[in-house]
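Here the structure comes first, spelled out in structure tokens, and everything after it is commentary.
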Amino acid sequence: MRDDQSLFAYEEALAGQILVSPSLIDQDGFEPLLFHDLDLRAIIGAVAAVRNSGRKPDDLLLLDVLRKQGREDLVPRLAGLQRRSPANSGFYIEKLQERRQAGDLRHALAKASEDLDQYDVEAPRVADQLFQDVTAAMRNSTESADSSLTAALPRWGDELNARIMQRKSKTLVEIGTGIRSIDVVTGATHPGEIYII
């Protein structure tokens with residue numbers, strides 16, 4: 001039970017960090033499904049909607065999106081979220097990813113057990129499906145575990161090019177470096193700006 005409480009606290013902390021630094025939703029490994037709290041997931045969805053409209057999210061714009069979605073009930077929750085420094089966001093994302101992977105594994109095992117209880121099931125087919133489900137559940141952890149520069153550079157270049165194209169099409173305003181410690185200091189980059197490190 002204590003672990004569940006910690007994970008829900010991590011959700012709250014990460015949501016507060018995203019309100020301060022909305023570009024965290026572009027961070028490797030982040031996805032709204034990391035939030036079990038559906039209200040927080042809706043608030044993060046509003047942040048993404050504002051960013052996708054070409055504007056920088058603030059409380060008034062978020063409230064407008066939530067009202068349009070019929071979620072005015074979330075106004076007090078949004079106002080009560082503690083804004084936090086994004087310094088530990090990677091830790092929170094990692095812990096929430098682990099919870100999601102554990103849930104996906106539990107689901108895969110339960111489905112395999114249920115399938116095996118069927119009278120006319122072929123065990124090799126169930127084993128094959130279980131292998132595929134377990135592989136899919138663990139894929140995110142193995143991709144993020146390889147943090148070598150050689151593995152990271154091509155992926156980072158592809159992500160950066162995709163973000164530049166999104167900015168050109170006006171669906172994304174902010175582009176970070178993808179290196180959290182630098183993005184915290186510099187914020188998002190904009191056309192015509194140059195940073196010397």
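So you can find residues: chains in the structure tokens are A, B, ... in the order shown, residues in each start at 1, and ligands are numbered from 1 in order.
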Report as JSON, numbers by chain all protein, DNA and RNA residues lying within 12 Å of Gln132 in chain A, evaluated on only C-alpha atoms, omitting residues in the same chain fewer than 5 positions from it.
{"A": [104, 105, 108, 109, 112, 125, 126, 127, 137, 138, 139]}
Residue contacts of range 58-75 of chain A (9 Å, only C-alpha atoms) excluding same-chain residues fewer than 4 positions away, as a ChimeraX atom specification
/A:19,39-40,42-43,46-47,49-50,79-80
Could the residues in this selection be saved with N, CA and C atoms as a short mmCIF file (atom, residue, chain, number, x, y, z; two decimals), in the first residue's frame?
data_model
loop_
_atom_site.label_atom_id
_atom_site.label_comp_id
_atom_site.auth_asym_id
_atom_site.auth_seq_id
_atom_site.Cartn_x
_atom_site.Cartn_y
_atom_site.Cartn_z
N LEU A 19 3.45 21.33 -15.39
CA LEU A 19 2.85 22.67 -15.41
C LEU A 19 3.92 23.75 -15.44
N ASP A 39 -7.96 12.18 -13.57
CA ASP A 39 -8.04 13.64 -13.53
C ASP A 39 -6.70 14.26 -13.93
N LEU A 40 -5.61 13.71 -13.40
CA LEU A 40 -4.29 14.22 -13.79
C LEU A 40 -4.03 13.96 -15.27
N ALA A 42 -6.23 13.94 -17.59
CA ALA A 42 -7.00 14.94 -18.34
C ALA A 42 -6.30 16.30 -18.31
N ILE A 43 -5.72 16.66 -17.16
CA ILE A 43 -5.00 17.93 -17.05
C ILE A 43 -3.78 17.93 -17.97
N ALA A 46 -4.80 18.44 -21.41
CA ALA A 46 -5.07 19.86 -21.68
C ALA A 46 -3.77 20.60 -21.97
N VAL A 47 -2.71 20.27 -21.23
CA VAL A 47 -1.40 20.89 -21.49
C VAL A 47 -0.96 20.57 -22.92
N ALA A 49 -2.87 19.78 -25.44
CA ALA A 49 -3.76 20.45 -26.39
C ALA A 49 -3.37 21.90 -26.59
N VAL A 50 -3.02 22.58 -25.50
CA VAL A 50 -2.60 23.99 -25.61
C VAL A 50 -1.30 24.09 -26.40
N ALA A 79 -5.83 24.08 -9.79
CA ALA A 79 -5.37 25.16 -8.92
C ALA A 79 -4.59 24.63 -7.72
N GLY A 80 -4.93 23.42 -7.27
CA GLY A 80 -4.28 22.86 -6.09
C GLY A 80 -2.99 22.13 -6.37
#
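CA of Ser113 in chain A sits 17.9 Å away from CA of Ala136 in chain A.
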Of the residues A:Gln101, A:Gln118, A:Ser21, A:Ser89, which is the one nearest to Val134 in chain A, using only C-alpha atoms?
A:Gln101
Option closest in space to Ile93 in chain A, from A:Ile196, A:Leu34, A:Ala9, A:Val185 [counting only C-alpha atoms]:
A:Leu34
Need to verify the contact set: range 11-13 of chain A, 10 Å, only C-alpha atoms, exclusion of same-chain residues closer than 5 positions in sequence. Can you return it as a PyMOL selection string?
chain A and resi 5-6+18+34-37+40-41+81-86+88-89+92-93+95-96
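You can rank A:Ala102, A:Ala123, A:Gln166, A:Ala48 by their closest distance to Leu24 in chain A using only C-alpha atoms, and at the top of that list sits A:Ala48.
Coordinates place CA of Gly54 in chain A at a distance of 28.3 Å from CA of Glu94 in chain A.
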